[in-house]
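One file, final-v1.txt, carrying compact mmCIF, C-alpha atoms:
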```txt
# COMPACT_ATOMS: atom_id res chain seq x y z
CA MET X 46 23.90 -89.72 -63.81
CA ALA X 47 25.23 -89.61 -60.27
CA GLU X 48 22.78 -91.82 -58.44
CA LYS X 49 22.28 -91.51 -54.74
CA GLU X 50 19.95 -93.20 -52.34
CA ASN X 51 17.75 -90.32 -51.34
CA LYS X 52 17.77 -90.31 -47.58
CA LYS X 53 16.36 -86.84 -46.96
CA THR X 54 12.99 -87.44 -48.61
CA PRO X 55 12.29 -91.14 -48.01
CA ASP X 56 9.08 -91.17 -50.05
CA VAL X 57 11.17 -90.80 -53.20
CA GLN X 58 9.19 -88.25 -55.11
CA ASN X 59 9.22 -88.70 -58.81
CA TRP X 60 11.23 -85.76 -59.96
CA ASN X 61 11.99 -85.77 -63.63
CA SER X 62 15.65 -86.00 -64.58
CA VAL X 63 16.19 -82.25 -64.94
CA GLU X 64 14.52 -81.45 -61.59
CA LYS X 65 16.57 -84.19 -59.99
CA VAL X 66 19.81 -82.63 -61.26
CA ILE X 67 18.75 -79.17 -60.11
CA PHE X 68 17.72 -80.27 -56.61
CA GLU X 69 20.55 -82.67 -55.93
CA ARG X 70 23.51 -80.66 -57.14
CA ARG X 71 25.54 -79.09 -54.38
CA SER X 72 28.60 -76.88 -54.54
CA VAL X 73 31.55 -79.11 -53.78
CA ARG X 74 34.67 -77.82 -52.10
CA LYS X 75 36.85 -80.91 -51.90
CA TYR X 76 37.97 -82.79 -55.00
CA ARG X 77 39.75 -86.04 -55.66
CA ASP X 78 43.13 -85.84 -57.34
CA LYS X 79 41.87 -87.40 -60.55
CA GLN X 80 41.72 -85.58 -63.86
CA VAL X 81 38.38 -85.37 -65.67
CA PRO X 82 38.48 -86.89 -69.19
CA GLU X 83 38.74 -84.28 -71.91
CA ASN X 84 35.58 -85.39 -73.69
CA LEU X 85 33.44 -84.76 -70.61
CA ILE X 86 34.75 -81.21 -70.29
CA ARG X 87 34.02 -80.72 -73.98
CA ARG X 88 30.46 -81.89 -73.39
CA VAL X 89 30.08 -79.45 -70.51
CA LEU X 90 31.34 -76.62 -72.71
CA GLU X 91 28.84 -77.59 -75.39
CA ALA X 92 26.04 -77.15 -72.84
CA GLY X 93 27.37 -73.64 -72.21
CA ARG X 94 27.52 -72.88 -75.89
CA PHE X 95 23.78 -73.50 -76.26
CA ALA X 96 22.72 -71.18 -73.43
CA PRO X 97 20.20 -68.46 -74.25
CA SER X 98 21.56 -64.93 -74.46
CA ALA X 99 20.20 -61.48 -75.18
CA GLY X 100 19.89 -60.93 -78.90
CA ASN X 101 21.81 -64.18 -79.42
CA CYS X 102 24.98 -62.19 -78.77
CA GLN X 103 26.74 -65.03 -76.88
CA PRO X 104 28.95 -62.62 -74.96
CA TRP X 105 31.32 -65.22 -73.49
CA LYS X 106 34.68 -66.81 -73.95
CA PHE X 107 35.97 -69.80 -72.03
CA ILE X 108 39.41 -70.53 -70.70
CA VAL X 109 39.99 -74.12 -69.59
CA LEU X 110 42.82 -74.71 -67.14
CA ARG X 111 44.00 -78.24 -66.56
CA ASP X 112 47.62 -77.51 -65.68
CA LYS X 113 48.22 -78.38 -62.03
CA GLU X 114 51.25 -76.12 -61.69
CA MET X 115 49.35 -73.18 -63.11
CA ILE X 116 46.33 -73.75 -60.84
CA ASN X 117 48.58 -73.95 -57.78
CA GLU X 118 50.28 -70.73 -58.76
CA MET X 119 46.90 -69.03 -59.17
CA GLU X 120 45.83 -70.31 -55.79
CA ARG X 121 48.97 -68.87 -54.20
CA ASP X 122 48.38 -65.49 -55.85
CA VAL X 123 44.74 -65.32 -54.73
CA ILE X 124 45.79 -66.17 -51.17
CA ARG X 125 48.44 -63.47 -51.28
CA LEU X 126 45.90 -60.90 -52.43
CA CYS X 127 43.44 -61.98 -49.72
CA LYS X 128 46.20 -61.45 -47.17
CA VAL X 129 46.64 -57.90 -48.44
CA PHE X 130 42.89 -57.24 -48.19
CA LYS X 131 42.77 -58.76 -44.74
CA PHE X 132 45.66 -56.56 -43.63
CA LEU X 133 43.90 -53.47 -44.96
CA MET X 134 40.47 -54.21 -43.52
CA ASP X 135 40.65 -56.50 -40.52
CA TRP X 136 39.69 -54.15 -37.71
CA ARG X 137 39.79 -56.80 -35.02
CA ARG X 138 43.36 -55.79 -34.26
CA PRO X 139 44.23 -53.55 -31.33
CA GLY X 140 45.72 -50.06 -31.51
CA LEU X 141 46.04 -47.54 -34.27
CA ILE X 142 46.40 -50.12 -37.05
CA GLY X 143 43.05 -51.55 -36.05
CA LYS X 144 41.43 -48.11 -36.11
CA ILE X 145 42.80 -47.33 -39.57
CA ALA X 146 41.64 -50.74 -40.78
CA TRP X 147 38.18 -50.07 -39.32
CA LEU X 148 37.92 -46.78 -41.19
CA ASN X 149 39.18 -48.40 -44.35
CA ALA X 150 36.64 -51.22 -44.04
CA GLN X 151 33.74 -48.84 -43.41
CA VAL X 152 34.57 -46.83 -46.52
CA SER X 153 35.20 -49.88 -48.72
CA ILE X 154 32.00 -51.63 -47.67
CA ARG X 155 29.97 -48.59 -48.66
CA LEU X 156 31.70 -48.45 -52.02
CA MET X 157 31.39 -52.19 -52.64
CA PRO X 158 28.42 -53.48 -50.61
CA ASN X 159 28.15 -56.66 -52.67
CA LYS X 160 31.77 -57.64 -52.94
CA LEU X 161 32.31 -56.99 -49.24
CA HIS X 162 29.08 -58.52 -47.97
CA PRO X 163 29.74 -60.24 -44.62
CA ILE X 164 30.01 -63.67 -46.26
CA PRO X 165 32.84 -62.88 -48.71
CA PHE X 166 34.36 -60.61 -46.07
CA GLY X 167 34.61 -63.59 -43.77
CA ALA X 168 35.84 -65.74 -46.64
CA ILE X 169 38.69 -63.30 -47.32
CA SER X 170 40.05 -63.83 -43.81
CA LEU X 171 39.47 -67.59 -43.98
CA ILE X 172 41.40 -67.78 -47.26
CA ALA X 173 44.14 -65.53 -45.89
CA ASP X 174 44.47 -67.81 -42.86
CA GLY X 175 44.60 -70.89 -45.07
CA LYS X 176 41.36 -72.29 -43.61
CA LEU X 177 39.47 -72.20 -46.89
CA GLY X 178 40.82 -73.18 -50.29
CA VAL X 179 40.30 -71.17 -53.44
CA PHE X 180 40.16 -73.85 -56.13
CA HIS X 181 39.71 -76.71 -53.64
CA GLY X 182 42.12 -79.04 -55.42
CA ALA X 183 39.95 -79.26 -58.54
CA PRO X 184 41.73 -80.77 -61.55
CA THR X 185 39.94 -78.60 -64.12
CA ILE X 186 38.86 -74.98 -63.97
CA ILE X 187 36.78 -73.11 -66.51
CA PHE X 188 37.02 -69.34 -66.53
CA ILE X 189 34.09 -67.48 -68.03
CA LEU X 190 35.04 -64.21 -69.68
CA LYS X 191 32.40 -61.76 -70.76
CA ASP X 192 32.50 -59.71 -73.89
CA ARG X 193 31.87 -56.18 -72.70
CA ARG X 194 30.24 -55.24 -75.99
CA GLY X 195 27.40 -57.75 -75.44
CA VAL X 196 23.70 -56.93 -75.76
CA GLY X 197 21.90 -55.70 -72.64
CA ASN X 198 23.41 -57.34 -69.61
CA PRO X 199 26.33 -59.59 -70.59
CA ASP X 200 27.07 -60.53 -66.96
CA LEU X 201 23.68 -62.17 -66.71
CA ASP X 202 24.21 -64.04 -69.98
CA CYS X 203 27.48 -65.41 -68.61
CA GLY X 204 25.61 -66.56 -65.51
CA ILE X 205 23.01 -68.38 -67.59
CA CYS X 206 25.75 -70.00 -69.63
CA GLY X 207 27.57 -71.06 -66.46
CA GLN X 208 24.45 -72.55 -64.94
CA ASN X 209 23.95 -74.65 -68.09
CA MET X 210 27.49 -75.96 -67.74
CA VAL X 211 27.21 -76.64 -64.03
CA LEU X 212 23.99 -78.63 -64.40
CA ALA X 213 25.33 -80.52 -67.41
CA ALA X 214 28.44 -81.37 -65.39
CA TYR X 215 26.37 -82.75 -62.52
CA SER X 216 24.31 -84.85 -64.90
CA LEU X 217 27.61 -86.34 -66.14
CA GLY X 218 28.59 -87.31 -62.59
CA LEU X 219 30.96 -84.40 -62.04
CA SER X 220 30.86 -81.87 -59.23
CA THR X 221 31.33 -78.17 -59.57
CA CYS X 222 31.71 -74.99 -57.58
CA TRP X 223 31.51 -71.39 -58.69
CA ILE X 224 34.69 -69.55 -57.75
CA GLY X 225 33.97 -65.84 -57.56
CA PHE X 226 37.34 -65.21 -55.96
CA ALA X 227 38.93 -66.04 -59.32
CA ILE X 228 38.28 -62.46 -60.42
CA LEU X 229 40.97 -61.31 -57.99
CA LEU X 230 43.44 -62.68 -60.55
CA ALA X 231 42.31 -60.08 -63.04
CA TYR X 232 43.02 -57.23 -60.59
CA GLY X 233 46.71 -57.27 -61.47
CA PRO X 234 48.57 -57.36 -64.79
CA LYS X 235 50.30 -60.72 -64.24
CA TRP X 236 47.48 -63.13 -65.02
CA LYS X 237 45.78 -60.79 -67.43
CA ARG X 238 48.90 -60.93 -69.56
CA ARG X 239 49.45 -64.65 -69.07
CA LEU X 240 45.88 -65.59 -69.94
CA GLY X 241 45.56 -62.92 -72.61
CA ILE X 242 42.61 -61.17 -70.99
CA GLY X 243 42.19 -57.73 -72.54
CA PHE X 244 39.53 -55.54 -74.06
CA PRO X 245 36.75 -56.47 -74.81
CA TYR X 246 37.05 -59.44 -72.47
CA GLU X 247 36.70 -59.33 -68.71
CA LEU X 248 36.97 -62.22 -66.26
CA VAL X 249 33.62 -62.70 -64.49
CA GLU X 250 33.63 -66.15 -62.90
CA GLY X 251 35.51 -69.37 -62.48
CA ILE X 252 33.94 -72.80 -62.23
CA CYS X 253 35.97 -75.67 -60.85
CA ILE X 254 35.11 -79.17 -61.98
CA GLY X 255 36.18 -82.53 -60.64
CA TYR X 256 35.20 -85.70 -58.85
CA PRO X 257 34.10 -85.09 -55.25
CA VAL X 258 35.45 -86.67 -52.09
CA GLY X 259 32.64 -88.69 -50.50
CA ASN X 260 29.12 -88.09 -51.74
CA PRO X 261 28.26 -84.45 -51.05
CA ASN X 262 25.22 -84.22 -53.33
CA GLY X 263 21.66 -84.59 -52.16
CA ILE X 264 18.38 -82.87 -51.48
CA ILE X 265 18.39 -80.46 -48.55
CA PRO X 266 15.91 -77.96 -47.14
CA ARG X 267 16.15 -74.32 -48.22
CA GLU X 268 14.36 -71.15 -47.20
CA THR X 269 11.12 -70.48 -49.00
CA HIS X 270 10.80 -67.03 -50.55
CA GLU X 271 7.78 -64.80 -50.48
CA ILE X 272 5.96 -64.70 -53.79
CA ASP X 273 3.43 -62.06 -54.77
CA TRP X 274 0.83 -63.62 -57.04
CA TYR X 275 -1.59 -61.50 -59.06
CA GLU X 276 -4.54 -63.27 -60.59
CA HIS X 277 -8.26 -62.54 -61.19
CA GLY X 278 -7.83 -58.96 -60.03
CA GLU X 279 -6.50 -59.79 -56.61
CA LYS X 280 -3.16 -60.25 -54.94
CA LYS X 281 -2.14 -63.30 -52.97
CA THR X 282 1.07 -63.78 -51.03
CA MET X 283 2.45 -67.25 -50.89
CA PHE X 284 5.63 -69.09 -49.96
CA MET N 98 6.78 -48.65 -50.06
CA SER N 99 10.13 -49.13 -48.45
CA TYR N 100 11.53 -52.29 -47.02
CA LEU N 101 14.44 -50.77 -45.10
CA ASN N 102 14.16 -47.56 -43.12
CA LEU N 103 16.79 -44.87 -43.55
CA ILE N 104 18.82 -45.95 -40.56
CA GLU N 105 18.89 -49.51 -41.80
CA ARG N 106 19.96 -48.39 -45.23
CA LEU N 107 22.83 -46.34 -43.93
CA ARG N 108 24.01 -48.59 -41.17
CA ILE N 109 26.39 -51.31 -42.24
CA PRO N 110 26.64 -53.68 -39.30
CA THR N 111 29.97 -54.47 -37.70
CA TYR N 112 29.58 -58.12 -38.33
CA ASP N 113 32.39 -59.43 -36.22
CA ASN N 114 30.07 -58.73 -33.31
CA GLU N 115 27.32 -61.18 -32.47
CA GLU N 116 25.11 -58.35 -31.25
CA TYR N 117 24.44 -57.33 -34.84
CA ALA N 118 24.92 -60.55 -36.70
CA THR N 119 23.26 -63.91 -36.45
CA THR N 120 25.33 -66.52 -38.17
CA GLY N 121 23.83 -69.74 -39.37
CA ARG N 122 23.57 -72.52 -36.82
CA VAL N 123 23.35 -76.26 -37.11
CA ARG N 124 21.66 -78.86 -34.97
CA ILE N 125 23.87 -81.90 -34.47
CA ASP N 126 22.34 -85.15 -33.24
CA HIS N 127 25.16 -86.57 -31.14
CA GLU N 128 23.36 -89.91 -30.88
CA LYS N 129 23.78 -90.42 -34.60
CA CYS N 130 27.08 -88.59 -35.19
CA ASN N 131 30.10 -90.87 -35.37
CA GLY N 132 32.70 -88.15 -35.83
CA CYS N 133 33.69 -89.17 -39.37
CA GLY N 134 34.60 -85.55 -40.10
CA MET N 135 33.02 -85.23 -43.53
CA CYS N 136 30.94 -82.21 -42.46
CA ALA N 137 33.97 -80.43 -41.04
CA MET N 138 35.87 -81.14 -44.25
CA ILE N 139 33.16 -79.82 -46.57
CA CYS N 140 32.12 -76.74 -44.53
CA PRO N 141 32.99 -73.63 -46.54
CA GLY N 142 32.95 -71.42 -43.45
CA ASN N 143 35.17 -73.69 -41.38
CA ALA N 144 32.44 -73.57 -38.76
CA LEU N 145 32.52 -77.21 -37.66
CA TYR N 146 35.19 -79.12 -35.81
CA ILE N 147 35.63 -82.65 -34.53
CA ALA N 148 36.54 -83.27 -30.91
CA GLY N 149 36.77 -86.25 -28.61
CA GLU N 150 38.36 -89.68 -28.72
CA GLY N 151 37.05 -93.05 -29.85
CA LYS N 152 33.31 -93.38 -29.37
CA ASN N 153 33.00 -89.82 -28.11
CA LYS N 154 34.37 -88.36 -31.34
CA LYS N 155 31.66 -85.93 -32.44
CA ALA N 156 31.19 -82.88 -34.61
CA TYR N 157 30.65 -79.51 -32.93
CA LEU N 158 29.79 -76.03 -34.14
CA GLU N 159 32.45 -73.42 -33.39
CA LYS N 160 31.39 -71.52 -30.29
CA ASP N 161 33.06 -68.23 -31.11
CA PHE N 162 31.28 -66.73 -34.13
CA PRO N 163 30.95 -69.71 -36.48
CA GLN N 164 31.06 -68.46 -40.06
CA CYS N 165 28.15 -70.67 -41.10
CA MET N 166 26.33 -69.48 -44.21
CA SER N 167 23.54 -72.04 -43.75
CA CYS N 168 24.33 -73.77 -47.04
CA ASN N 169 23.37 -77.21 -45.67
CA ASN N 170 26.33 -78.87 -47.40
CA CYS N 171 26.99 -80.64 -44.10
CA ALA N 172 23.45 -82.05 -44.11
CA ALA N 173 23.88 -83.29 -47.67
CA ILE N 174 27.19 -85.05 -47.07
CA CYS N 175 26.27 -86.63 -43.70
CA GLU N 176 25.72 -90.36 -44.19
CA ARG N 177 23.82 -90.67 -40.93
CA ASP N 178 21.44 -87.71 -41.14
CA ALA N 179 22.92 -86.33 -37.94
CA ILE N 180 23.30 -82.67 -38.85
CA ILE N 181 21.03 -79.99 -40.28
CA VAL N 182 20.92 -76.20 -40.38
CA ASN N 183 18.21 -74.90 -38.07
CA VAL N 184 19.03 -71.18 -38.00
CA THR N 185 19.85 -69.24 -41.14
CA TYR N 186 22.18 -66.28 -41.19
CA ASP N 187 21.04 -62.68 -40.95
CA PHE N 188 23.32 -59.68 -40.58
CA GLY N 189 20.76 -57.06 -39.73
CA TYR N 190 20.46 -53.43 -40.80
CA PHE N 191 21.68 -52.95 -44.38
CA TYR N 192 22.07 -56.67 -44.98
CA LYS N 193 18.90 -57.81 -43.25
CA ILE N 194 17.14 -60.75 -44.85
CA LEU N 195 13.82 -59.88 -46.46
CA HIS N 196 10.80 -61.91 -47.42
CA ARG N 197 11.85 -65.42 -46.59
CA GLY N 198 9.93 -68.22 -44.96
CA GLU N 199 10.98 -71.34 -43.14
CA MET N 200 13.33 -73.93 -44.58
CA LYS N 201 11.69 -76.66 -46.62
CA PRO N 202 12.96 -79.38 -48.95
CA PRO N 203 11.82 -79.14 -52.59
CA ARG N 204 8.08 -79.55 -52.80
CA LYS N 205 5.94 -81.12 -55.45
CA PHE N 206 2.78 -79.29 -56.38
```
Written as structure tokens, how would this file's structure read?
Amino acid sequence: MAEKENKKTPDVQNWNSVEKVIFERRSVRKYRDKQVPENLIRRVLEAGRFAPSAGNCQPWKFIVLRDKEMINEMERDVIRLCKVFKFLMDWRRPGLIGKIAWLNAQVSIRLMPNKLHPIPFGAISLIADGKLGVFHGAPTIIFILKDRRGVGNPDLDCGICGQNMVLAAYSLGLSTCWIGFAILLAYGPKWKRRLGIGFPYELVEGICIGYPVGNPNGIIPRETHEIDWYEHGEKKTMF
Amino acid sequence: MSYLNLIERLRIPTYDNEEYATTGRVRIDHEKCNGCGMCAMICPGNALYIAGEGKNKKAYLEKDFPQCMSCNNCAAICERDAIIVNVTYDFGYFYKILHRGEMKPPRKF
């Protein structure tokens, strides 16, 4: 277990070990250049294998990438694609090109309001400008593929499976980050062919795993969310 | 019951403009900050930078539209407790944040 002196909540509250892992784990975007032992990755994958899924359909397949050359090539391709998207949609440029880009962005955002939410929209330009990494120098990457024939909502099952893996990884002293931008690789034929992604599989997420630089984990404040609570015939609202 | 009115539903804000978008903001305690640069390194939005020489080396939030997503990674990595998110992001209109309260660390009930 990655131990850390808990400076944010000095009266060290007695979280149990699972709560501790959940609260302390942070997404890490800077990794040391040190490969994770194979057995630890296998243990993480085992945690994913035992995730609950609708109708026990287990609609996932994993691809583990530990080849540095390959990861670098992927990173270059994602950056190239982000540059294309930035060129098409960055309306902060003057003149006619800017106007066309503005129109393009307005249409695309309405078609894909989640994928082009302001946060990933900003991330696209940061990645294109080389200010934000894609795989952050992680030595190991796990791709989660969903089986499109799964029961109910296979995307959700893949998310549950990934969360199991991420928490298991943190409990083993590893750091992780979900890489949604990995799906850009499946937009073209090159990586689909190289990784053998075809029907019924579809790339849904990447998780990078490695040892962090510094100690980025710890308990932080988060927004509370409104909760409607129905009990004894009345409704309460709480945070 | 509707949470967004029709205008809000149809209007996607032009979020390169601060008039429509509030980005996250951090409070940096320059008494405690020693300019080690860990926060600037870990920030996913590239919203922090280090400026100054020697003892005056401190972290600052980008002045021109910092792309802070209020993740608090900077607060978690800071060894000296010098930085914390005090404003969370909100993009207004279609993307406006609903039903959230103030920021709190995990609570025990």
| request: Select all residues from chain N having any atom no more than 10 Å from an atom of chain X (counting all atoms listed in the file, ignoring ligands), output as an NGL selection string. | output: :N and (107-113 or 118 or 120 or 135-136 or 138-143 or 164-178 or 181-183 or 185-188 or 191-192 or 195-205)
With C-alpha atoms kept, could you save the residues just selected as an mmCIF file, in the coordinates of the input?
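Final output, saved to again.cif:
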```cif
data_model
loop_
_atom_site.group_PDB
_atom_site.id
_atom_site.type_symbol
_atom_site.label_atom_id
_atom_site.label_comp_id
_atom_site.auth_asym_id
_atom_site.auth_seq_id
_atom_site.Cartn_x
_atom_site.Cartn_y
_atom_site.Cartn_z
ATOM 1 C CA LEU N 107 22.830 -46.340 -43.930
ATOM 2 C CA ARG N 108 24.010 -48.590 -41.170
ATOM 3 C CA ILE N 109 26.390 -51.310 -42.240
ATOM 4 C CA PRO N 110 26.640 -53.680 -39.300
ATOM 5 C CA THR N 111 29.970 -54.470 -37.700
ATOM 6 C CA TYR N 112 29.580 -58.120 -38.330
ATOM 7 C CA ASP N 113 32.390 -59.430 -36.220
ATOM 8 C CA ALA N 118 24.920 -60.550 -36.700
ATOM 9 C CA THR N 120 25.330 -66.520 -38.170
ATOM 10 C CA MET N 135 33.020 -85.230 -43.530
ATOM 11 C CA CYS N 136 30.940 -82.210 -42.460
ATOM 12 C CA MET N 138 35.870 -81.140 -44.250
ATOM 13 C CA ILE N 139 33.160 -79.820 -46.570
ATOM 14 C CA CYS N 140 32.120 -76.740 -44.530
ATOM 15 C CA PRO N 141 32.990 -73.630 -46.540
ATOM 16 C CA GLY N 142 32.950 -71.420 -43.450
ATOM 17 C CA ASN N 143 35.170 -73.690 -41.380
ATOM 18 C CA GLN N 164 31.060 -68.460 -40.060
ATOM 19 C CA CYS N 165 28.150 -70.670 -41.100
ATOM 20 C CA MET N 166 26.330 -69.480 -44.210
ATOM 21 C CA SER N 167 23.540 -72.040 -43.750
ATOM 22 C CA CYS N 168 24.330 -73.770 -47.040
ATOM 23 C CA ASN N 169 23.370 -77.210 -45.670
ATOM 24 C CA ASN N 170 26.330 -78.870 -47.400
ATOM 25 C CA CYS N 171 26.990 -80.640 -44.100
ATOM 26 C CA ALA N 172 23.450 -82.050 -44.110
ATOM 27 C CA ALA N 173 23.880 -83.290 -47.670
ATOM 28 C CA ILE N 174 27.190 -85.050 -47.070
ATOM 29 C CA CYS N 175 26.270 -86.630 -43.700
ATOM 30 C CA GLU N 176 25.720 -90.360 -44.190
ATOM 31 C CA ARG N 177 23.820 -90.670 -40.930
ATOM 32 C CA ASP N 178 21.440 -87.710 -41.140
ATOM 33 C CA ILE N 181 21.030 -79.990 -40.280
ATOM 34 C CA VAL N 182 20.920 -76.200 -40.380
ATOM 35 C CA ASN N 183 18.210 -74.900 -38.070
ATOM 36 C CA THR N 185 19.850 -69.240 -41.140
ATOM 37 C CA TYR N 186 22.180 -66.280 -41.190
ATOM 38 C CA ASP N 187 21.040 -62.680 -40.950
ATOM 39 C CA PHE N 188 23.320 -59.680 -40.580
ATOM 40 C CA PHE N 191 21.680 -52.950 -44.380
ATOM 41 C CA TYR N 192 22.070 -56.670 -44.980
ATOM 42 C CA LEU N 195 13.820 -59.880 -46.460
ATOM 43 C CA HIS N 196 10.800 -61.910 -47.420
ATOM 44 C CA ARG N 197 11.850 -65.420 -46.590
ATOM 45 C CA GLY N 198 9.930 -68.220 -44.960
ATOM 46 C CA GLU N 199 10.980 -71.340 -43.140
ATOM 47 C CA MET N 200 13.330 -73.930 -44.580
ATOM 48 C CA LYS N 201 11.690 -76.660 -46.620
ATOM 49 C CA PRO N 202 12.960 -79.380 -48.950
ATOM 50 C CA PRO N 203 11.820 -79.140 -52.590
ATOM 51 C CA ARG N 204 8.080 -79.550 -52.800
ATOM 52 C CA LYS N 205 5.940 -81.120 -55.450
#
```
| query | At what distance in Å, to one decimal, does atom CA of Lys237 of chain X lie from atom CA of Ala183 of chain X? | reply |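 Value for the atom CA of Ala183 of chain X-atom CA of Lys237 of chain X distance: 21.3 Å.
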| message | Residues near segment 240-252 of chain X, anyone? I mean within 7 Å using all atoms listed in the file, not counting same-chain ones fewer than 2 positions away, as a VMD selection string. | response | chain X and resid 186 to 194 221 to 225 227 to 228 231 236 to 238 254
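Compared by their closest atoms to Ala137 of chain N, and using only C-alpha atoms, the residues N:Glu150, N:Glu105, N:Glu159, N:Glu116 rank with N:Glu159 nearest.
Atom to atom, atom CA of Asn131 of chain N and atom CA of Ala179 of chain N stand 8.9 Å apart.
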| said: Would you compute the distance between atom CA of Ser153 of chain X and atom CA of Ala144 of chain N? Give it in Å to one decimal. | reply: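 Separation between atom CA of Ser153 of chain X and atom CA of Ala144 of chain N: 25.8 Å.
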| task | Tell me which of X:Arg239, X:Gly204, X:Ala214, X:Leu219 sits closest to Pro104 of chain X, counting only C-alpha atoms. | result | X:Gly204
